[in-house]
There are 2 protein chains.
Amino acid sequence: MSSAPSVGRPRSGARRLPTGTARDEILDAAAELFAERGYAATSTRMIAEMVGVRQASLYYHFKTKEQILAELLESTVRPSLEYAAELSGQGLGPAEALHALVVYDVGVLLGARWNVGILYALPEIATEPFARFRAEREQLRLAYRRLVAADRPGTSEVTGDLVFGLVESVIGMRRDLPSLPPRAELQSSVAAAALRLAGLG
Amino acid sequence: MSSAPSVGRPRSGARRLPTGTARDEILDAAAELFAERGYAATSTRMIAEMVGVRQASLYYHFKTKEQILAELLESTVRPSLEYAAELSGQGLGPAEALHALVVYDVGVLLGARWNVGILYALPEIATEPFARFRAEREQLRLAYRRLVAADRPGTSEVTGDLVFGLVESVIGMRRDLPSLPPRAELQSSVAAAALRLAGLG
């Protein structure tokens with residue numbers, strides 16, 4: 001219990017995260033509840049209780065439940081989007097760049113403590129608080145389309161969309177399968193599959 | 001208004017489906033509400049009101065909201081599962097059979113009036129009323145694994161799972177993209193992509 005939260009009474013339970021701030025712990029508890037119980041069935045009171053803070057403390061960090069979900073969803077796409085931007089300056093060939101992005105993106109989706117990507121399908125995502133998440137996810141889709149199409153004018157946009165869908169299918173695998181291959185192995189398998197799909201294999 | 005529902009008062013609104021029974025219209029209204037508003041936010045009363053029948057009539061056909069969702073979800077996998085069984089007796093080569101199943105399955109997912117597949121991610125799906133849906137979807141996954149692995153002992157199960165994920169990614173495309181290519185074109189694109197992914201191209 002080295003770093004107490006800046007707001008609210010000391011929490012009664014054990015720390016959820018070894019080095020997390022109160023804000024990180026709220027996000028982590030919300031991710032667990034949203035993914036396991038469902039978004040509609042989770043209240044900010046439940047999240048506060050799980051972390052062991054008062055609701056007022058939670059509101060200090062997040063004004064609404066939507067804001068928590070938006071931040072969690074953005075964390076599933078923003079790192080890969082930033083990585084795609086980095087890659088584009090490195091002068092890699094299309095196959096090499098696509099492989100690197102898929103490995104990274106699958107790592108992000110599998111590496112999060114909770115499988116937040118399953119919440120992409122919530123009808124709420126179409127509303128205003130999720131506009132930034134939607135825009136960032138579309139940018140990531142465009143990055144895939146560009147990499148897949150690179151130097152091959154005949155390539156259809158659909159192929160890029162299918163590679164994007166293939167990468168996100170690890171969210172469903174993580175939800176549905178009793179066990180997954182080791183993460184590095186699955187990252188390689190999906191990247192190799194993406195190259196074959198794109199005709200860059 | 002040729003076929004009145006067998007139970008309940010005559011509906012006030014226009015028919016939802018030109019040739020539907022009351023049961024079909026309940027399923028159709030529920031699919032629209034679940035997909036557009038969300039499952040948790042939809043009550044059986046709303047479904048009955050949308051169809052224009054009393055709740056008692058709805059309960060005559062479906063005992064619970066879960067039962068309606070289960071039937072809708074099963075309708076997204078059972079036709080493809082039955083088609084996979086038919087295919088297996090036709091002596092097709094692995095590439096031909098995989099191509100046919102993908103075309104059929106994508107047709108089922110895109111052809112339904114509402115994009116019910118987005119509900120696969122609901123946490124409720126892990127509960128008992130959805131055991132049959134889960135079992136049928138797993139059987140369909142196994143059909144893909146078998147077709148992808150056919151006659152090639154070295155092929156990993158993961159490749160079959162990725163083809164399955166690729167096919168289901170049309171659910172996300174239908175949800176996220178402002179417009180899709182014509183259905184037949186998308187069926188062909190996904191089938192060709194699946195063959196390349198599987199190394200059967």
# chains A, B, ... in the order shown; residues from 1 in each chain; ligands from 1
>>> select_by_dssp(residues="stretch 8-78 of chain A", states="helix (DSSP H, G or I)", output="VMD selection string")
chain A and resid 22 to 37 44 to 51 55 to 61 65 to 78
>>> write_last_selection(atoms="C-alpha atoms", output="PDB file, in the first residue's frame")
ATOM      1  CA  ALA A  22      -6.342   5.235  -7.884  1.00  0.00           C
ATOM      2  CA  ARG A  23      -7.193   6.179 -11.452  1.00  0.00           C
ATOM      3  CA  ASP A  24      -5.561   3.010 -12.832  1.00  0.00           C
ATOM      4  CA  GLU A  25      -7.356   0.904 -10.255  1.00  0.00           C
ATOM      5  CA  ILE A  26     -10.720   2.411 -11.178  1.00  0.00           C
ATOM      6  CA  LEU A  27     -10.036   1.624 -14.841  1.00  0.00           C
ATOM      7  CA  ASP A  28      -8.959  -1.906 -13.987  1.00  0.00           C
ATOM      8  CA  ALA A  29     -12.004  -2.627 -11.814  1.00  0.00           C
ATOM      9  CA  ALA A  30     -14.333  -1.137 -14.424  1.00  0.00           C
ATOM     10  CA  ALA A  31     -12.728  -3.248 -17.164  1.00  0.00           C
ATOM     11  CA  GLU A  32     -13.250  -6.380 -15.095  1.00  0.00           C
ATOM     12  CA  LEU A  33     -16.897  -5.565 -14.318  1.00  0.00           C
ATOM     13  CA  PHE A  34     -17.754  -4.413 -17.865  1.00  0.00           C
ATOM     14  CA  ALA A  35     -16.152  -7.486 -19.427  1.00  0.00           C
ATOM     15  CA  GLU A  36     -17.460 -10.047 -16.948  1.00  0.00           C
ATOM     16  CA  ARG A  37     -20.907  -8.703 -15.904  1.00  0.00           C
ATOM     17  CA  THR A  44     -20.270   3.446 -10.926  1.00  0.00           C
ATOM     18  CA  ARG A  45     -21.180   2.483  -7.352  1.00  0.00           C
ATOM     19  CA  MET A  46     -20.123  -1.113  -8.015  1.00  0.00           C
ATOM     20  CA  ILE A  47     -16.854   0.094  -9.526  1.00  0.00           C
ATOM     21  CA  ALA A  48     -16.142   2.341  -6.517  1.00  0.00           C
ATOM     22  CA  GLU A  49     -16.957  -0.506  -4.124  1.00  0.00           C
ATOM     23  CA  MET A  50     -14.688  -2.923  -5.947  1.00  0.00           C
ATOM     24  CA  VAL A  51     -11.769  -0.490  -5.748  1.00  0.00           C
ATOM     25  CA  GLN A  55     -18.209   7.319  -5.331  1.00  0.00           C
ATOM     26  CA  ALA A  56     -17.136  10.940  -4.883  1.00  0.00           C
ATOM     27  CA  SER A  57     -13.542   9.851  -5.425  1.00  0.00           C
ATOM     28  CA  LEU A  58     -14.499   8.005  -8.554  1.00  0.00           C
ATOM     29  CA  TYR A  59     -16.283  11.116  -9.879  1.00  0.00           C
ATOM     30  CA  TYR A  60     -13.148  13.128  -9.177  1.00  0.00           C
ATOM     31  CA  HIS A  61     -11.390  11.030 -11.826  1.00  0.00           C
ATOM     32  CA  LYS A  65     -19.480   5.698 -16.677  1.00  0.00           C
ATOM     33  CA  GLU A  66     -19.254   6.488 -20.417  1.00  0.00           C
ATOM     34  CA  GLN A  67     -15.983   8.328 -19.823  1.00  0.00           C
ATOM     35  CA  ILE A  68     -14.486   5.246 -18.139  1.00  0.00           C
ATOM     36  CA  LEU A  69     -15.558   2.985 -20.983  1.00  0.00           C
ATOM     37  CA  ALA A  70     -14.282   5.452 -23.591  1.00  0.00           C
ATOM     38  CA  GLU A  71     -10.846   5.538 -21.971  1.00  0.00           C
ATOM     39  CA  LEU A  72     -10.717   1.737 -21.761  1.00  0.00           C
ATOM     40  CA  LEU A  73     -11.699   1.361 -25.407  1.00  0.00           C
ATOM     41  CA  GLU A  74      -9.211   3.998 -26.554  1.00  0.00           C
ATOM     42  CA  SER A  75      -6.468   2.070 -24.760  1.00  0.00           C
ATOM     43  CA  THR A  76      -7.151  -0.900 -27.076  1.00  0.00           C
ATOM     44  CA  VAL A  77      -6.430   1.078 -30.274  1.00  0.00           C
ATOM     45  CA  ARG A  78      -4.262   4.118 -29.479  1.00  0.00           C
TER      46      ARG A  78
END
>>> interface_residues(of="chain A", to="chain B", cutoff="6 Å", atoms="only C-alpha atoms", output="list in words")
Gly38, Ile118, Ala121, Pro123, Gly165, Leu166, Ser169, Ala193, Arg196 and Leu197 of chain A
>>> write_last_selection(atoms="N, CA and C atoms", output="PDB file, in the first residue's frame")
ATOM      1  N   GLY A  38     -20.997  -7.213 -17.790  1.00  0.00           N
ATOM      2  CA  GLY A  38     -21.667  -6.417 -18.813  1.00  0.00           C
ATOM      3  C   GLY A  38     -21.662  -4.945 -18.442  1.00  0.00           C
ATOM      4  N   ILE A 118     -14.236  -6.922 -26.364  1.00  0.00           N
ATOM      5  CA  ILE A 118     -15.583  -7.493 -26.547  1.00  0.00           C
ATOM      6  C   ILE A 118     -16.653  -6.420 -26.406  1.00  0.00           C
ATOM      7  N   ALA A 121     -18.911  -4.006 -29.491  1.00  0.00           N
ATOM      8  CA  ALA A 121     -20.232  -4.231 -30.102  1.00  0.00           C
ATOM      9  C   ALA A 121     -21.369  -3.571 -29.331  1.00  0.00           C
ATOM     10  N   PRO A 123     -24.162  -1.115 -28.292  1.00  0.00           N
ATOM     11  CA  PRO A 123     -24.850  -0.068 -29.076  1.00  0.00           C
ATOM     12  C   PRO A 123     -24.466   1.341 -28.620  1.00  0.00           C
ATOM     13  N   GLY A 165     -10.045  -7.115 -39.524  1.00  0.00           N
ATOM     14  CA  GLY A 165     -10.979  -8.040 -38.860  1.00  0.00           C
ATOM     15  C   GLY A 165     -10.267  -9.274 -38.326  1.00  0.00           C
ATOM     16  N   LEU A 166      -9.298  -9.761 -39.105  1.00  0.00           N
ATOM     17  CA  LEU A 166      -8.520 -10.930 -38.674  1.00  0.00           C
ATOM     18  C   LEU A 166      -7.776 -10.628 -37.372  1.00  0.00           C
ATOM     19  N   SER A 169     -10.015 -10.524 -34.499  1.00  0.00           N
ATOM     20  CA  SER A 169     -10.636 -11.809 -34.158  1.00  0.00           C
ATOM     21  C   SER A 169      -9.962 -12.462 -32.955  1.00  0.00           C
ATOM     22  N   ALA A 193      -0.559 -15.187 -41.015  1.00  0.00           N
ATOM     23  CA  ALA A 193      -1.855 -15.345 -41.686  1.00  0.00           C
ATOM     24  C   ALA A 193      -2.250 -14.054 -42.396  1.00  0.00           C
ATOM     25  N   ARG A 196      -0.340 -13.765 -45.674  1.00  0.00           N
ATOM     26  CA  ARG A 196      -0.913 -14.647 -46.707  1.00  0.00           C
ATOM     27  C   ARG A 196      -2.225 -14.057 -47.222  1.00  0.00           C
ATOM     28  N   LEU A 197      -3.079 -13.631 -46.290  1.00  0.00           N
ATOM     29  CA  LEU A 197      -4.363 -13.042 -46.681  1.00  0.00           C
ATOM     30  C   LEU A 197      -4.145 -11.860 -47.629  1.00  0.00           C
TER      31      LEU A 197
END
>>> residues_around(residues="stretch 148-155 of chain B", least_positions_apart="3", cutoff="8 Å", atoms="only C-alpha atoms", output="list in words")
Pro94, Leu98, Tyr144, Arg145, Thr159, Gly160 and Ala198 of chain B
>>> write_last_selection(atoms="C-alpha atoms", output="PDB file, in the first residue's frame")
ATOM      1  CA  PRO B  94     -10.566 -29.071 -49.354  1.00  0.00           C
ATOM      2  CA  LEU B  98     -13.857 -24.355 -47.729  1.00  0.00           C
ATOM      3  CA  TYR B 144     -13.656 -24.861 -40.239  1.00  0.00           C
ATOM      4  CA  ARG B 145     -10.716 -26.450 -38.424  1.00  0.00           C
ATOM      5  CA  THR B 159      -5.331 -21.443 -38.769  1.00  0.00           C
ATOM      6  CA  GLY B 160      -8.864 -22.879 -38.683  1.00  0.00           C
ATOM      7  CA  ALA B 198      -5.441 -21.295 -45.174  1.00  0.00           C
TER       8      ALA B 198
END
>>> closest_residue(among="A:Glu157, A:Glu136, A:Leu147, A:Gly107", to="A:Leu87", atoms="only C-alpha atoms")
A:Leu147
>>> atom_distance(atom1="atom CA of A:Arg174", atom2="atom CA of B:Arg113")
28.2 Å
>>> closest_residue(among="B:Arg16, B:Arg132, B:Arg146, B:Arg183", to="B:Ala84", atoms="only C-alpha atoms")
B:Arg146
